[in-house]
file entry-v1.cif (mmCIF, N, CA and C atoms)
data_work
#
loop_
_atom_site.label_atom_id
_atom_site.label_comp_id
_atom_site.auth_asym_id
_atom_site.auth_seq_id
_atom_site.Cartn_x
_atom_site.Cartn_y
_atom_site.Cartn_z
N MET F 11 -81.84 -62.41 -166.94
CA MET F 11 -82.09 -61.86 -165.62
C MET F 11 -83.43 -61.12 -165.58
N ARG F 12 -83.71 -60.39 -166.64
CA ARG F 12 -84.96 -59.64 -166.70
C ARG F 12 -86.15 -60.60 -166.67
N LEU F 13 -86.05 -61.72 -167.35
CA LEU F 13 -87.11 -62.71 -167.37
C LEU F 13 -87.35 -63.28 -165.98
N VAL F 14 -86.28 -63.50 -165.25
CA VAL F 14 -86.39 -64.01 -163.88
C VAL F 14 -87.12 -62.99 -163.00
N LEU F 15 -86.79 -61.71 -163.11
CA LEU F 15 -87.45 -60.68 -162.32
C LEU F 15 -88.94 -60.58 -162.66
N ILE F 16 -89.27 -60.70 -163.93
CA ILE F 16 -90.67 -60.66 -164.33
C ILE F 16 -91.42 -61.85 -163.73
N PHE F 17 -90.80 -63.03 -163.80
CA PHE F 17 -91.41 -64.23 -163.26
C PHE F 17 -91.65 -64.09 -161.75
N LEU F 18 -90.63 -63.61 -161.02
CA LEU F 18 -90.76 -63.45 -159.58
C LEU F 18 -91.83 -62.42 -159.22
N SER F 19 -91.91 -61.35 -160.01
CA SER F 19 -92.94 -60.34 -159.77
C SER F 19 -94.33 -60.91 -159.96
N LEU F 20 -94.52 -61.68 -161.01
CA LEU F 20 -95.82 -62.30 -161.25
C LEU F 20 -96.16 -63.30 -160.15
N LEU F 21 -95.17 -64.04 -159.71
CA LEU F 21 -95.38 -65.01 -158.65
C LEU F 21 -95.81 -64.32 -157.35
N LEU F 22 -95.13 -63.25 -157.00
CA LEU F 22 -95.46 -62.53 -155.77
C LEU F 22 -96.82 -61.84 -155.86
N LEU F 23 -97.16 -61.31 -157.01
CA LEU F 23 -98.47 -60.67 -157.17
C LEU F 23 -99.60 -61.68 -157.07
N GLY F 24 -99.37 -62.89 -157.51
CA GLY F 24 -100.40 -63.92 -157.45
C GLY F 24 -100.45 -64.66 -156.14
N ALA F 25 -99.46 -64.49 -155.27
CA ALA F 25 -99.37 -65.26 -154.03
C ALA F 25 -100.58 -65.08 -153.11
N PRO F 26 -101.09 -63.86 -152.88
CA PRO F 26 -102.24 -63.74 -151.98
C PRO F 26 -103.45 -64.53 -152.46
N SER F 27 -103.74 -64.49 -153.76
CA SER F 27 -104.90 -65.23 -154.24
C SER F 27 -104.65 -66.72 -154.16
N LEU F 28 -103.44 -67.16 -154.36
CA LEU F 28 -103.13 -68.58 -154.23
C LEU F 28 -103.27 -69.03 -152.79
N ALA F 29 -102.83 -68.21 -151.86
CA ALA F 29 -102.93 -68.57 -150.45
C ALA F 29 -104.40 -68.67 -150.03
N GLN F 30 -105.21 -67.73 -150.47
CA GLN F 30 -106.62 -67.74 -150.11
C GLN F 30 -107.32 -68.95 -150.71
N ALA F 31 -107.01 -69.27 -151.93
CA ALA F 31 -107.66 -70.41 -152.58
C ALA F 31 -107.24 -71.72 -151.95
N SER F 32 -106.10 -71.76 -151.30
CA SER F 32 -105.59 -73.02 -150.78
C SER F 32 -106.39 -73.55 -149.60
N ILE F 33 -107.20 -72.73 -148.94
CA ILE F 33 -108.00 -73.22 -147.82
C ILE F 33 -108.91 -74.34 -148.29
N ASP F 34 -109.34 -74.28 -149.52
CA ASP F 34 -110.21 -75.31 -150.07
C ASP F 34 -109.47 -76.63 -150.29
N ASN F 35 -108.15 -76.58 -150.27
CA ASN F 35 -107.36 -77.79 -150.48
C ASN F 35 -107.20 -78.63 -149.22
N TYR F 36 -107.65 -78.13 -148.09
CA TYR F 36 -107.51 -78.85 -146.83
C TYR F 36 -108.79 -79.60 -146.50
N SER F 37 -108.63 -80.73 -145.83
CA SER F 37 -109.80 -81.49 -145.40
C SER F 37 -110.49 -80.74 -144.26
N GLU F 38 -111.70 -81.12 -143.99
CA GLU F 38 -112.44 -80.49 -142.89
C GLU F 38 -111.73 -80.75 -141.56
N GLN F 39 -111.20 -81.93 -141.38
CA GLN F 39 -110.48 -82.25 -140.14
C GLN F 39 -109.21 -81.43 -140.01
N GLU F 40 -108.53 -81.16 -141.11
CA GLU F 40 -107.33 -80.31 -141.07
C GLU F 40 -107.70 -78.88 -140.70
N LYS F 41 -108.84 -78.40 -141.18
CA LYS F 41 -109.29 -77.05 -140.83
C LYS F 41 -109.62 -76.97 -139.34
N ILE F 42 -110.26 -78.02 -138.81
CA ILE F 42 -110.58 -78.05 -137.39
C ILE F 42 -109.29 -78.07 -136.57
N SER F 43 -108.33 -78.89 -136.98
CA SER F 43 -107.04 -78.94 -136.27
C SER F 43 -106.34 -77.60 -136.32
N TYR F 44 -106.41 -76.93 -137.46
CA TYR F 44 -105.81 -75.61 -137.59
C TYR F 44 -106.42 -74.65 -136.56
N LEU F 45 -107.75 -74.62 -136.47
CA LEU F 45 -108.39 -73.71 -135.52
C LEU F 45 -108.05 -74.07 -134.08
N LEU F 46 -107.99 -75.35 -133.76
CA LEU F 46 -107.60 -75.75 -132.41
C LEU F 46 -106.19 -75.28 -132.09
N ASN F 47 -105.29 -75.37 -133.05
CA ASN F 47 -103.92 -74.89 -132.84
C ASN F 47 -103.86 -73.37 -132.71
N VAL F 48 -104.67 -72.66 -133.47
CA VAL F 48 -104.74 -71.20 -133.35
C VAL F 48 -105.18 -70.84 -131.93
N ILE F 49 -106.19 -71.53 -131.43
CA ILE F 49 -106.67 -71.27 -130.07
C ILE F 49 -105.57 -71.57 -129.05
N GLY F 50 -104.95 -72.74 -129.18
CA GLY F 50 -103.92 -73.15 -128.23
C GLY F 50 -102.71 -72.25 -128.20
N ASN F 51 -102.39 -71.64 -129.33
CA ASN F 51 -101.21 -70.78 -129.43
C ASN F 51 -101.53 -69.30 -129.22
N SER F 52 -102.79 -68.99 -129.05
CA SER F 52 -103.20 -67.59 -128.92
C SER F 52 -102.81 -67.03 -127.55
N LYS F 53 -102.52 -65.76 -127.55
CA LYS F 53 -102.24 -65.03 -126.30
C LYS F 53 -103.52 -64.42 -125.74
N ALA F 54 -104.63 -64.59 -126.45
CA ALA F 54 -105.91 -64.07 -125.99
C ALA F 54 -106.42 -64.94 -124.84
N ILE F 55 -107.41 -64.41 -124.15
CA ILE F 55 -108.09 -65.13 -123.06
C ILE F 55 -109.43 -65.59 -123.62
N PHE F 56 -109.80 -66.82 -123.30
CA PHE F 56 -111.06 -67.37 -123.76
C PHE F 56 -112.01 -67.43 -122.57
N VAL F 57 -113.20 -66.88 -122.78
CA VAL F 57 -114.17 -66.75 -121.70
C VAL F 57 -115.31 -67.73 -121.95
N ARG F 58 -115.48 -68.63 -120.97
CA ARG F 58 -116.53 -69.65 -121.04
C ARG F 58 -117.35 -69.57 -119.75
N ASN F 59 -118.63 -69.28 -119.90
CA ASN F 59 -119.53 -69.16 -118.74
C ASN F 59 -118.99 -68.19 -117.70
N GLY F 60 -118.42 -67.07 -118.18
CA GLY F 60 -117.93 -66.03 -117.29
C GLY F 60 -116.57 -66.29 -116.67
N VAL F 61 -115.96 -67.43 -116.97
CA VAL F 61 -114.64 -67.77 -116.42
C VAL F 61 -113.61 -67.66 -117.54
N GLU F 62 -112.45 -67.08 -117.21
CA GLU F 62 -111.38 -66.87 -118.18
C GLU F 62 -110.41 -68.05 -118.21
N TYR F 63 -110.01 -68.43 -119.43
CA TYR F 63 -109.07 -69.53 -119.62
C TYR F 63 -108.00 -69.13 -120.63
N PRO F 64 -106.75 -69.55 -120.40
CA PRO F 64 -105.72 -69.33 -121.41
C PRO F 64 -105.96 -70.25 -122.61
N GLY F 65 -105.29 -69.96 -123.70
CA GLY F 65 -105.48 -70.69 -124.94
C GLY F 65 -105.35 -72.20 -124.83
N GLN F 66 -104.32 -72.67 -124.14
CA GLN F 66 -104.12 -74.12 -124.03
C GLN F 66 -105.28 -74.81 -123.31
N GLU F 67 -105.83 -74.18 -122.29
CA GLU F 67 -106.97 -74.76 -121.58
C GLU F 67 -108.23 -74.73 -122.43
N ALA F 68 -108.41 -73.65 -123.18
CA ALA F 68 -109.56 -73.55 -124.07
C ALA F 68 -109.46 -74.63 -125.15
N LYS F 69 -108.28 -74.81 -125.70
CA LYS F 69 -108.07 -75.84 -126.71
C LYS F 69 -108.40 -77.22 -126.14
N ALA F 70 -107.90 -77.53 -124.96
CA ALA F 70 -108.14 -78.83 -124.34
C ALA F 70 -109.64 -79.06 -124.12
N HIS F 71 -110.35 -78.02 -123.68
CA HIS F 71 -111.79 -78.14 -123.46
C HIS F 71 -112.52 -78.43 -124.78
N LEU F 72 -112.15 -77.70 -125.83
CA LEU F 72 -112.82 -77.90 -127.11
C LEU F 72 -112.49 -79.27 -127.71
N GLN F 73 -111.27 -79.74 -127.50
CA GLN F 73 -110.91 -81.09 -127.96
C GLN F 73 -111.75 -82.14 -127.23
N MET F 74 -111.96 -81.95 -125.93
CA MET F 74 -112.78 -82.87 -125.15
C MET F 74 -114.22 -82.88 -125.68
N LYS F 75 -114.76 -81.68 -125.96
CA LYS F 75 -116.11 -81.59 -126.51
C LYS F 75 -116.19 -82.26 -127.88
N LEU F 76 -115.15 -82.06 -128.69
CA LEU F 76 -115.11 -82.66 -130.02
C LEU F 76 -115.09 -84.18 -129.94
N GLU F 77 -114.27 -84.71 -129.05
CA GLU F 77 -114.21 -86.17 -128.88
C GLU F 77 -115.54 -86.71 -128.37
N ALA F 78 -116.18 -86.00 -127.45
CA ALA F 78 -117.47 -86.43 -126.90
C ALA F 78 -118.56 -86.42 -127.97
N ALA F 79 -118.43 -85.53 -128.95
CA ALA F 79 -119.43 -85.44 -130.01
C ALA F 79 -119.34 -86.61 -130.98
N GLY F 80 -118.22 -87.33 -130.93
CA GLY F 80 -118.07 -88.47 -131.82
C GLY F 80 -118.07 -88.05 -133.27
N GLY F 81 -118.74 -88.80 -134.09
CA GLY F 81 -118.75 -88.54 -135.53
C GLY F 81 -119.77 -87.54 -135.99
N THR F 82 -120.43 -86.86 -135.04
CA THR F 82 -121.46 -85.91 -135.45
C THR F 82 -120.89 -84.62 -136.02
N ILE F 83 -119.62 -84.35 -135.74
CA ILE F 83 -118.98 -83.13 -136.26
C ILE F 83 -118.20 -83.52 -137.51
N GLN F 84 -118.74 -83.16 -138.66
CA GLN F 84 -118.14 -83.55 -139.94
C GLN F 84 -117.38 -82.42 -140.64
N THR F 85 -117.77 -81.18 -140.36
CA THR F 85 -117.17 -80.05 -141.06
C THR F 85 -116.65 -79.02 -140.08
N VAL F 86 -115.83 -78.12 -140.59
CA VAL F 86 -115.33 -77.03 -139.75
C VAL F 86 -116.49 -76.14 -139.32
N ASP F 87 -117.52 -76.00 -140.16
CA ASP F 87 -118.69 -75.24 -139.77
C ASP F 87 -119.41 -75.92 -138.60
N ASP F 88 -119.53 -77.26 -138.64
CA ASP F 88 -120.10 -78.00 -137.51
C ASP F 88 -119.32 -77.72 -136.24
N PHE F 89 -117.99 -77.74 -136.37
CA PHE F 89 -117.12 -77.52 -135.21
C PHE F 89 -117.35 -76.13 -134.62
N ILE F 90 -117.33 -75.12 -135.47
CA ILE F 90 -117.50 -73.75 -134.98
C ILE F 90 -118.90 -73.57 -134.37
N THR F 91 -119.92 -74.01 -135.08
CA THR F 91 -121.30 -73.79 -134.66
C THR F 91 -121.67 -74.60 -133.42
N ASN F 92 -121.27 -75.86 -133.38
CA ASN F 92 -121.76 -76.76 -132.34
C ASN F 92 -120.79 -77.01 -131.18
N ILE F 93 -119.51 -76.75 -131.38
CA ILE F 93 -118.52 -77.04 -130.35
C ILE F 93 -117.88 -75.78 -129.80
N ALA F 94 -117.44 -74.89 -130.67
CA ALA F 94 -116.55 -73.80 -130.26
C ALA F 94 -117.20 -72.44 -130.08
N SER F 95 -118.51 -72.35 -130.19
CA SER F 95 -119.11 -71.02 -130.11
C SER F 95 -119.98 -70.79 -128.87
N HIS F 96 -120.36 -71.87 -128.18
CA HIS F 96 -121.22 -71.67 -127.00
C HIS F 96 -121.15 -72.89 -126.09
N SER F 97 -121.58 -72.67 -124.86
CA SER F 97 -121.63 -73.74 -123.87
C SER F 97 -122.80 -74.67 -124.18
N SER F 98 -122.52 -75.95 -124.23
CA SER F 98 -123.61 -76.91 -124.46
C SER F 98 -124.46 -77.08 -123.21
N VAL F 99 -123.97 -76.64 -122.06
CA VAL F 99 -124.70 -76.76 -120.80
C VAL F 99 -125.60 -75.53 -120.58
N THR F 100 -125.02 -74.34 -120.69
CA THR F 100 -125.78 -73.12 -120.40
C THR F 100 -126.33 -72.43 -121.64
N GLY F 101 -125.74 -72.73 -122.80
CA GLY F 101 -126.14 -72.05 -124.03
C GLY F 101 -125.48 -70.69 -124.22
N GLU F 102 -124.71 -70.25 -123.22
CA GLU F 102 -124.04 -68.94 -123.31
C GLU F 102 -122.95 -68.97 -124.38
N PRO F 103 -122.81 -67.87 -125.13
CA PRO F 103 -121.73 -67.83 -126.12
C PRO F 103 -120.37 -67.77 -125.45
N TYR F 104 -119.37 -68.30 -126.14
CA TYR F 104 -117.97 -68.16 -125.72
C TYR F 104 -117.45 -66.86 -126.29
N TYR F 105 -116.48 -66.27 -125.58
CA TYR F 105 -115.88 -65.02 -126.02
C TYR F 105 -114.36 -65.14 -126.06
N VAL F 106 -113.75 -64.27 -126.84
CA VAL F 106 -112.31 -64.13 -126.88
C VAL F 106 -112.01 -62.71 -126.41
N GLU F 107 -111.14 -62.61 -125.40
CA GLU F 107 -110.78 -61.30 -124.86
C GLU F 107 -109.33 -61.00 -125.21
N PHE F 108 -109.11 -59.82 -125.74
CA PHE F 108 -107.78 -59.40 -126.17
C PHE F 108 -107.08 -58.60 -125.08
N PRO F 109 -105.76 -58.46 -125.17
CA PRO F 109 -105.01 -57.73 -124.14
C PRO F 109 -105.53 -56.32 -123.86
N ASP F 110 -106.14 -55.67 -124.86
CA ASP F 110 -106.65 -54.31 -124.64
C ASP F 110 -108.02 -54.30 -123.98
N GLY F 111 -108.55 -55.50 -123.66
CA GLY F 111 -109.83 -55.61 -122.97
C GLY F 111 -111.04 -55.78 -123.87
N THR F 112 -110.87 -55.61 -125.17
CA THR F 112 -112.01 -55.81 -126.06
C THR F 112 -112.34 -57.29 -126.15
N MET F 113 -113.61 -57.56 -126.39
CA MET F 113 -114.08 -58.94 -126.49
C MET F 113 -114.87 -59.13 -127.77
N ILE F 114 -114.81 -60.35 -128.28
CA ILE F 114 -115.56 -60.72 -129.48
C ILE F 114 -116.08 -62.14 -129.26
N GLU F 115 -117.24 -62.43 -129.82
CA GLU F 115 -117.74 -63.80 -129.71
C GLU F 115 -116.80 -64.74 -130.45
N SER F 116 -116.57 -65.89 -129.86
CA SER F 116 -115.60 -66.82 -130.43
C SER F 116 -116.00 -67.27 -131.83
N GLU F 117 -117.29 -67.37 -132.10
CA GLU F 117 -117.72 -67.79 -133.44
C GLU F 117 -117.19 -66.84 -134.50
N LYS F 118 -117.34 -65.55 -134.27
CA LYS F 118 -116.84 -64.57 -135.25
C LYS F 118 -115.33 -64.64 -135.35
N TRP F 119 -114.65 -64.71 -134.21
CA TRP F 119 -113.19 -64.76 -134.19
C TRP F 119 -112.67 -65.97 -134.97
N LEU F 120 -113.29 -67.13 -134.75
CA LEU F 120 -112.85 -68.35 -135.43
C LEU F 120 -113.12 -68.27 -136.93
N ARG F 121 -114.25 -67.74 -137.31
CA ARG F 121 -114.54 -67.61 -138.75
C ARG F 121 -113.56 -66.64 -139.40
N ASP F 122 -113.22 -65.57 -138.69
CA ASP F 122 -112.21 -64.63 -139.21
C ASP F 122 -110.86 -65.31 -139.36
N LYS F 123 -110.46 -66.11 -138.37
CA LYS F 123 -109.18 -66.82 -138.43
C LYS F 123 -109.16 -67.80 -139.60
N LEU F 124 -110.25 -68.47 -139.82
CA LEU F 124 -110.33 -69.42 -140.93
C LEU F 124 -110.24 -68.70 -142.27
N ALA F 125 -110.84 -67.52 -142.35
CA ALA F 125 -110.81 -66.75 -143.60
C ALA F 125 -109.43 -66.20 -143.91
N GLN F 126 -108.62 -66.01 -142.86
CA GLN F 126 -107.26 -65.47 -143.06
C GLN F 126 -106.44 -66.52 -143.72
#
call {"tool": "encode", "arguments": {"input": "entry-v1.cif", "output": "structure tokens"}}
result
Amino acid sequence: MRLVLIFLSLLLLGAPSLAQASIDNYSEQEKISYLLNVIGNSKAIFVRNGVEYPGQEAKAHLQMKLEAAGGTIQTVDDFITNIASHSSVTGEPYYVEFPDGTMIESEKWLRDKLAQ
């Protein structure tokens, strides 16, 4: 029994580093899909060109942009930098607005989500 407890303790202590390292085990397309799902399931408001959109609408817009880009988006960094961080028409950055009214640029928010 003592050996089992020691094993479980070691497993739990190592779990955070294992979880962090596992991001490298996903393909770039899986990382992009993950971020799209985070956006779609978020309760935050996404601000594009001064207009507010719920998560599902923001996700649909970014998916449309991704499809229009064709094969030019190869990495999650390409996705964040070229699709999900600013308007391709106006050049204005996209923002994420939280229930308390604070706002953050979507590029930073997405990079933080990916790092989690």
call {"tool": "closest_residue", "arguments": {"input": "entry-v1.cif", "among": "F:Ile33, F:Leu46, F:Leu76, F:Val99", "to": "F:Asn59", "atoms": "only C-alpha atoms"}}
result
F:Val99
call {"tool": "closest_residue", "arguments": {"input": "entry-v1.cif", "among": "F:Gly60, F:Phe108, F:Ser52, F:His96", "to": "F:Lys123", "atoms": "only C-alpha atoms"}}
result
F:Ser52
call {"tool": "closest_residue", "arguments": {"input": "entry-v1.cif", "among": "F:Ile83, F:Asn51, F:Pro109, F:Ile93", "to": "F:His71", "atoms": "only N, CA and C atoms"}}
result
F:Ile93
call {"tool": "atom_distance", "arguments": {"input": "entry-v1.cif", "atom1": "atom C of F:Gly101", "atom2": "atom C of F:Glu40"}}
result
25.6 Å
call {"tool": "residues_near_point", "arguments": {"input": "entry-v1.cif", "point": "(-108.5, -66.9, -145.8)", "cutoff": "7 Å", "atoms": "only C-alpha atoms", "output": "VMD selection string"}}
result
chain F and resid 30 33 124 to 126
call {"tool": "atom_distance", "arguments": {"input": "entry-v1.cif", "atom1": "atom C of F:Asn92", "atom2": "atom CA of F:Glu115"}}
result
13.6 Å
call {"tool": "axis_aligned_box", "arguments": {"input": "entry-v1.cif", "around": "stretch 44-57 of chain F", "padding_each_side": "8 Å", "output": "lines of an AutoDock Vina configuration file"}}
result
center_x = -108.3
center_y = -70.5
center_z = -129.6
size_x = 30.1
size_y = 28.9
size_z = 31.9
call {"tool": "atom_distance", "arguments": {"input": "entry-v1.cif", "atom1": "atom N of F:Ser43", "atom2": "atom N of F:Glu117"}}
result
15.4 Å
call {"tool": "resolve_selection", "arguments": {"input": "entry-v1.cif", "expression": "the PyMOL selection byres (((chain F and resi 118 and name CA) around 12) and name CA)", "output": "ChimeraX atom specification"}}
result
/F:87,90-91,94-96,103-106,113-117,119-125
call {"tool": "closest_residue", "arguments": {"input": "entry-v1.cif", "among": "F:Ser98, F:Thr85, F:Lys53, F:Gly111", "to": "F:Gln39", "atoms": "all atoms listed in the file"}}
result
F:Thr85
call {"tool": "select_by_dssp", "arguments": {"input": "entry-v1.cif", "residues": "stretch 36-126 of chain F", "states": "strand (DSSP E)", "output": "ChimeraX atom specification"}}
result
/F:55-58,61-64,105-107,113-115
call {"tool": "resolve_selection", "arguments": {"input": "entry-v1.cif", "expression": "the PyMOL selection byres ((chain F and resi 64) around 8)", "output": "list in words"}}
result
Ile49, Gly50, Asn51, Ser52, Lys53, Ala54, Ile55, Phe56, Val57, Val61, Glu62, Tyr63, Gly65, Gln66, Glu67, Ala68, Lys69 and Ala70 of chain F
call {"tool": "decode", "arguments": {"input": "entry-v1.cif", "residues": "stretch 60-84 of chain F", "atoms": "N, CA and C atoms", "output": "tab-separated table (two decimals), in the first residue's frame"}}
result
chain	number	residue	atom	x	y	z
F	60	GLY	N	-14.80	47.22	-33.91
F	60	GLY	CA	-15.70	47.95	-33.04
F	60	GLY	C	-17.05	47.30	-32.80
F	61	VAL	N	-17.30	46.15	-33.41
F	61	VAL	CA	-18.57	45.44	-33.25
F	61	VAL	C	-18.34	44.21	-32.38
F	62	GLU	N	-19.27	43.97	-31.44
F	62	GLU	CA	-19.15	42.85	-30.51
F	62	GLU	C	-19.83	41.60	-31.07
F	63	TYR	N	-19.17	40.45	-30.87
F	63	TYR	CA	-19.70	39.16	-31.33
F	63	TYR	C	-19.54	38.12	-30.22
F	64	PRO	N	-20.53	37.24	-30.07
F	64	PRO	CA	-20.37	36.12	-29.14
F	64	PRO	C	-19.36	35.12	-29.70
F	65	GLY	N	-18.91	34.23	-28.85
F	65	GLY	CA	-17.88	33.26	-29.22
F	65	GLY	C	-18.18	32.45	-30.47
F	66	GLN	N	-19.40	31.94	-30.59
F	66	GLN	CA	-19.73	31.11	-31.75
F	66	GLN	C	-19.63	31.90	-33.06
F	67	GLU	N	-20.04	33.16	-33.05
F	67	GLU	CA	-19.93	33.98	-34.27
F	67	GLU	C	-18.48	34.31	-34.57
F	68	ALA	N	-17.69	34.57	-33.54
F	68	ALA	CA	-16.27	34.85	-33.74
F	68	ALA	C	-15.58	33.61	-34.32
F	69	LYS	N	-15.91	32.46	-33.78
F	69	LYS	CA	-15.34	31.21	-34.29
F	69	LYS	C	-15.70	31.01	-35.76
F	70	ALA	N	-16.96	31.20	-36.11
F	70	ALA	CA	-17.40	31.02	-37.50
F	70	ALA	C	-16.66	31.99	-38.43
F	71	HIS	N	-16.47	33.23	-37.99
F	71	HIS	CA	-15.76	34.21	-38.81
F	71	HIS	C	-14.30	33.78	-39.03
F	72	LEU	N	-13.65	33.33	-37.97
F	72	LEU	CA	-12.25	32.92	-38.09
F	72	LEU	C	-12.11	31.65	-38.94
F	73	GLN	N	-13.08	30.74	-38.84
F	73	GLN	CA	-13.06	29.56	-39.69
F	73	GLN	C	-13.19	29.95	-41.16
F	74	MET	N	-14.06	30.92	-41.45
F	74	MET	CA	-14.23	31.40	-42.82
F	74	MET	C	-12.93	32.01	-43.33
F	75	LYS	N	-12.27	32.82	-42.49
F	75	LYS	CA	-10.99	33.42	-42.89
F	75	LYS	C	-9.94	32.34	-43.12
F	76	LEU	N	-9.94	31.33	-42.26
F	76	LEU	CA	-8.97	30.23	-42.38
F	76	LEU	C	-9.18	29.47	-43.68
F	77	GLU	N	-10.42	29.17	-44.00
F	77	GLU	CA	-10.73	28.47	-45.25
F	77	GLU	C	-10.34	29.32	-46.45
F	78	ALA	N	-10.60	30.62	-46.39
F	78	ALA	CA	-10.26	31.52	-47.50
F	78	ALA	C	-8.75	31.62	-47.70
F	79	ALA	N	-8.00	31.44	-46.62
F	79	ALA	CA	-6.54	31.53	-46.71
F	79	ALA	C	-5.94	30.31	-47.39
F	80	GLY	N	-6.73	29.25	-47.51
F	80	GLY	CA	-6.23	28.04	-48.16
F	80	GLY	C	-5.07	27.44	-47.41
F	81	GLY	N	-4.08	27.01	-48.13
F	81	GLY	CA	-2.93	26.34	-47.53
F	81	GLY	C	-1.85	27.26	-47.02
F	82	THR	N	-2.13	28.57	-47.01
F	82	THR	CA	-1.08	29.49	-46.57
F	82	THR	C	-0.88	29.48	-45.06
F	83	ILE	N	-1.86	28.98	-44.32
F	83	ILE	CA	-1.76	28.91	-42.85
F	83	ILE	C	-1.30	27.50	-42.49
F	84	GLN	N	-0.03	27.38	-42.11
F	84	GLN	CA	0.56	26.08	-41.83
F	84	GLN	C	0.73	25.80	-40.33
